[in-house]
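For reference, the structure is listed below as C-alpha cells.
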Amino acid sequence: MGMAHTSPESGTRARRAYAQLAGTGARRTIARQLVLDALDENGGHRSAADIHELIVGRAPAVTLSTVYRTLSTLTEHGLVHTLTRGGEVHYGFADAPHHHGVCTGCGTTTEIPAEMVADLVDRLQRAAGLTLAPDGITLAGLCPACAASTRL
C-alpha cells in the first residue's frame, strides 16, 4: 500500500477537481467530494476498495458500489484516470500529464511529471515506431523505503 502522506498542497487537487466537476453542471454530492478527498489525501493511485476503506469511517452510508459509480462518473468527466496493476484497477487524478513509477516491494505508485521524461518518450516512440497510449508508461522499481530495507 505505501504510507499515506500529506503535503502543503493536500486538498488542492480535490478542490480543483470538484470545482471542474461543478463547472460541467454535474451534481455536487458528498460521495464525489469524499472520493476526491481520499485520492488527494493519500496521493498516488488507489483501488476502489482502498478508497472505500478510507471513506467508510467518515461516512458509513457510502457503499463500495457508490464508490465505483462515483469513480466511473469522475473518469467520464476526465478528472480521474485508471491504471491497471496486477489485474486490479487503480484510480488517480488526471489533472496533469504524467507517467507512473510503481514500487515492486510495497506497490506504492508515484506520478512522474510528463515533462521530466518527454525527451526520452519522444526518442522511444521514434526508435520503436510506437505511439504511446494516453496513460503513458509505467516504470517498475523500488521506492526509497523498500530499497533501504533490502540493503539491511
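A note on labels: chains of the C-alpha cells are A, B, ... as shown, every chain counts residues from 1, and ligands are counted from 1 in their shown order.
Neighbours of Val56 (chain A) closer than or equal to 12 Å, with only C-alpha atoms counted and sequence neighbours fewer than 6 positions away skipped, come out as A:Ala31, A:Leu34, A:Val35, A:Ala38, A:Ala48, A:Ala49, A:Asp50, A:Val62, A:Thr63, A:Leu64, A:Thr66, A:Val67.
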Mind writing the picked residues with N, CA, C and O atoms as a PDB file, in the first residue's frame?
```
ATOM      1  N   ALA A  31     -20.500  11.947  -1.803  1.00  0.00           N
ATOM      2  CA  ALA A  31     -19.668  10.825  -2.248  1.00  0.00           C
ATOM      3  C   ALA A  31     -18.578  11.312  -3.203  1.00  0.00           C
ATOM      4  O   ALA A  31     -17.416  10.895  -3.087  1.00  0.00           O
ATOM      5  N   LEU A  34     -15.974  13.105  -1.149  1.00  0.00           N
ATOM      6  CA  LEU A  34     -15.204  12.180  -0.322  1.00  0.00           C
ATOM      7  C   LEU A  34     -14.212  11.359  -1.138  1.00  0.00           C
ATOM      8  O   LEU A  34     -13.088  11.123  -0.707  1.00  0.00           O
ATOM      9  N   VAL A  35     -14.625  10.921  -2.324  1.00  0.00           N
ATOM     10  CA  VAL A  35     -13.719  10.158  -3.189  1.00  0.00           C
ATOM     11  C   VAL A  35     -12.545  11.028  -3.621  1.00  0.00           C
ATOM     12  O   VAL A  35     -11.382  10.606  -3.557  1.00  0.00           O
ATOM     13  N   ALA A  38     -10.250  11.511  -0.687  1.00  0.00           N
ATOM     14  CA  ALA A  38      -9.475  10.301  -0.388  1.00  0.00           C
ATOM     15  C   ALA A  38      -8.303  10.151  -1.358  1.00  0.00           C
ATOM     16  O   ALA A  38      -7.197   9.789  -0.955  1.00  0.00           O
ATOM     17  N   ALA A  48     -10.575   1.033  -5.814  1.00  0.00           N
ATOM     18  CA  ALA A  48     -11.882   1.444  -5.297  1.00  0.00           C
ATOM     19  C   ALA A  48     -12.065   0.931  -3.868  1.00  0.00           C
ATOM     20  O   ALA A  48     -12.607   1.642  -3.014  1.00  0.00           O
ATOM     21  N   ALA A  49     -11.599  -0.286  -3.585  1.00  0.00           N
ATOM     22  CA  ALA A  49     -11.730  -0.845  -2.232  1.00  0.00           C
ATOM     23  C   ALA A  49     -10.932  -0.025  -1.228  1.00  0.00           C
ATOM     24  O   ALA A  49     -11.394   0.233  -0.111  1.00  0.00           O
ATOM     25  N   ASP A  50      -9.723   0.398  -1.610  1.00  0.00           N
ATOM     26  CA  ASP A  50      -8.908   1.240  -0.725  1.00  0.00           C
ATOM     27  C   ASP A  50      -9.599   2.580  -0.460  1.00  0.00           C
ATOM     28  O   ASP A  50      -9.611   3.075   0.666  1.00  0.00           O
ATOM     29  N   VAL A  62     -21.785   5.481   2.654  1.00  0.00           N
ATOM     30  CA  VAL A  62     -21.207   5.403   1.316  1.00  0.00           C
ATOM     31  C   VAL A  62     -20.732   3.967   1.093  1.00  0.00           C
ATOM     32  O   VAL A  62     -19.783   3.508   1.714  1.00  0.00           O
ATOM     33  N   THR A  63     -21.419   3.263   0.196  1.00  0.00           N
ATOM     34  CA  THR A  63     -21.115   1.859  -0.065  1.00  0.00           C
ATOM     35  C   THR A  63     -20.018   1.725  -1.125  1.00  0.00           C
ATOM     36  O   THR A  63     -19.695   2.693  -1.834  1.00  0.00           O
ATOM     37  N   LEU A  64     -19.471   0.524  -1.241  1.00  0.00           N
ATOM     38  CA  LEU A  64     -18.457   0.258  -2.261  1.00  0.00           C
ATOM     39  C   LEU A  64     -19.035   0.484  -3.657  1.00  0.00           C
ATOM     40  O   LEU A  64     -18.359   1.039  -4.528  1.00  0.00           O
ATOM     41  N   THR A  66     -21.279   2.622  -4.468  1.00  0.00           N
ATOM     42  CA  THR A  66     -21.325   4.079  -4.651  1.00  0.00           C
ATOM     43  C   THR A  66     -19.959   4.600  -5.043  1.00  0.00           C
ATOM     44  O   THR A  66     -19.838   5.466  -5.924  1.00  0.00           O
ATOM     45  N   VAL A  67     -18.910   4.079  -4.431  1.00  0.00           N
ATOM     46  CA  VAL A  67     -17.546   4.491  -4.773  1.00  0.00           C
ATOM     47  C   VAL A  67     -17.261   4.147  -6.237  1.00  0.00           C
ATOM     48  O   VAL A  67     -16.737   4.971  -6.989  1.00  0.00           O
TER      49      VAL A  67
END
```
(Q) I need the residues in region 60-106 of chain A that are strand (DSSP E or B) according to DSSP; give them as a ChimeraX atom specification. (A) /A:80-85,88-93,98-103
Print the selection's residues with N, CA, C and O atoms to a file, as an mmCIF file, in the first residue's frame.
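Output below, filename part-v8.cif:
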```cif
data_model
loop_
_atom_site.group_PDB
_atom_site.id
_atom_site.type_symbol
_atom_site.label_atom_id
_atom_site.label_comp_id
_atom_site.auth_asym_id
_atom_site.auth_seq_id
_atom_site.Cartn_x
_atom_site.Cartn_y
_atom_site.Cartn_z
ATOM 1 N N VAL A 80 -10.405 11.891 -13.327
ATOM 2 C CA VAL A 80 -9.691 10.745 -12.772
ATOM 3 C C VAL A 80 -9.356 9.827 -13.935
ATOM 4 O O VAL A 80 -10.094 9.754 -14.919
ATOM 5 N N HIS A 81 -8.232 9.143 -13.841
ATOM 6 C CA HIS A 81 -7.893 8.151 -14.856
ATOM 7 C C HIS A 81 -7.576 6.836 -14.173
ATOM 8 O O HIS A 81 -7.451 6.767 -12.951
ATOM 9 N N THR A 82 -7.487 5.780 -14.975
ATOM 10 C CA THR A 82 -7.251 4.454 -14.421
ATOM 11 C C THR A 82 -5.863 3.947 -14.780
ATOM 12 O O THR A 82 -5.288 4.322 -15.798
ATOM 13 N N LEU A 83 -5.368 3.102 -13.907
ATOM 14 C CA LEU A 83 -4.085 2.428 -14.100
ATOM 15 C C LEU A 83 -4.299 1.006 -13.623
ATOM 16 O O LEU A 83 -4.707 0.791 -12.481
ATOM 17 N N THR A 84 -4.082 0.032 -14.496
ATOM 18 C CA THR A 84 -4.273 -1.361 -14.111
ATOM 19 C C THR A 84 -2.945 -1.941 -13.663
ATOM 20 O O THR A 84 -1.952 -1.855 -14.375
ATOM 21 N N ARG A 85 -2.948 -2.480 -12.445
ATOM 22 C CA ARG A 85 -1.751 -3.108 -11.863
ATOM 23 C C ARG A 85 -2.141 -4.445 -11.286
ATOM 24 O O ARG A 85 -3.053 -4.514 -10.463
ATOM 25 N N GLU A 88 -5.750 -5.366 -11.137
ATOM 26 C CA GLU A 88 -6.655 -4.520 -10.363
ATOM 27 C C GLU A 88 -6.564 -3.082 -10.874
ATOM 28 O O GLU A 88 -5.485 -2.588 -11.156
ATOM 29 N N VAL A 89 -7.720 -2.449 -10.992
ATOM 30 C CA VAL A 89 -7.768 -1.072 -11.471
ATOM 31 C C VAL A 89 -7.520 -0.126 -10.304
ATOM 32 O O VAL A 89 -8.106 -0.271 -9.233
ATOM 33 N N HIS A 90 -6.624 0.826 -10.525
ATOM 34 C CA HIS A 90 -6.345 1.877 -9.554
ATOM 35 C C HIS A 90 -6.720 3.206 -10.205
ATOM 36 O O HIS A 90 -6.629 3.364 -11.418
ATOM 37 N N TYR A 91 -7.101 4.158 -9.371
ATOM 38 C CA TYR A 91 -7.574 5.457 -9.851
ATOM 39 C C TYR A 91 -6.671 6.561 -9.334
ATOM 40 O O TYR A 91 -6.204 6.510 -8.200
ATOM 41 N N GLY A 92 -6.431 7.549 -10.185
ATOM 42 C CA GLY A 92 -5.627 8.700 -9.796
ATOM 43 C C GLY A 92 -6.126 9.937 -10.521
ATOM 44 O O GLY A 92 -6.898 9.846 -11.480
ATOM 45 N N PHE A 93 -5.669 11.083 -10.086
ATOM 46 C CA PHE A 93 -6.065 12.334 -10.722
ATOM 47 C C PHE A 93 -5.527 12.414 -12.144
ATOM 48 O O PHE A 93 -4.426 11.960 -12.426
ATOM 49 N N HIS A 98 1.159 12.749 -16.820
ATOM 50 C CA HIS A 98 2.192 12.087 -16.047
ATOM 51 C C HIS A 98 2.317 10.619 -16.432
ATOM 52 O O HIS A 98 1.447 10.058 -17.079
ATOM 53 N N HIS A 99 3.438 10.054 -16.051
ATOM 54 C CA HIS A 99 3.694 8.634 -16.193
ATOM 55 C C HIS A 99 3.704 8.067 -14.778
ATOM 56 O O HIS A 99 3.467 8.800 -13.818
ATOM 57 N N HIS A 100 3.981 6.779 -14.643
ATOM 58 C CA HIS A 100 3.886 6.158 -13.330
ATOM 59 C C HIS A 100 5.143 5.373 -12.977
ATOM 60 O O HIS A 100 5.719 4.705 -13.824
ATOM 61 N N GLY A 101 5.528 5.465 -11.728
ATOM 62 C CA GLY A 101 6.577 4.624 -11.160
ATOM 63 C C GLY A 101 5.915 3.759 -10.104
ATOM 64 O O GLY A 101 5.223 4.281 -9.225
ATOM 65 N N VAL A 102 6.067 2.440 -10.195
ATOM 66 C CA VAL A 102 5.426 1.526 -9.260
ATOM 67 C C VAL A 102 6.491 0.760 -8.492
ATOM 68 O O VAL A 102 7.398 0.171 -9.089
ATOM 69 N N CYS A 103 6.399 0.779 -7.161
ATOM 70 C CA CYS A 103 7.337 0.044 -6.325
ATOM 71 C C CYS A 103 6.956 -1.437 -6.340
ATOM 72 O O CYS A 103 5.818 -1.792 -6.023
#
```
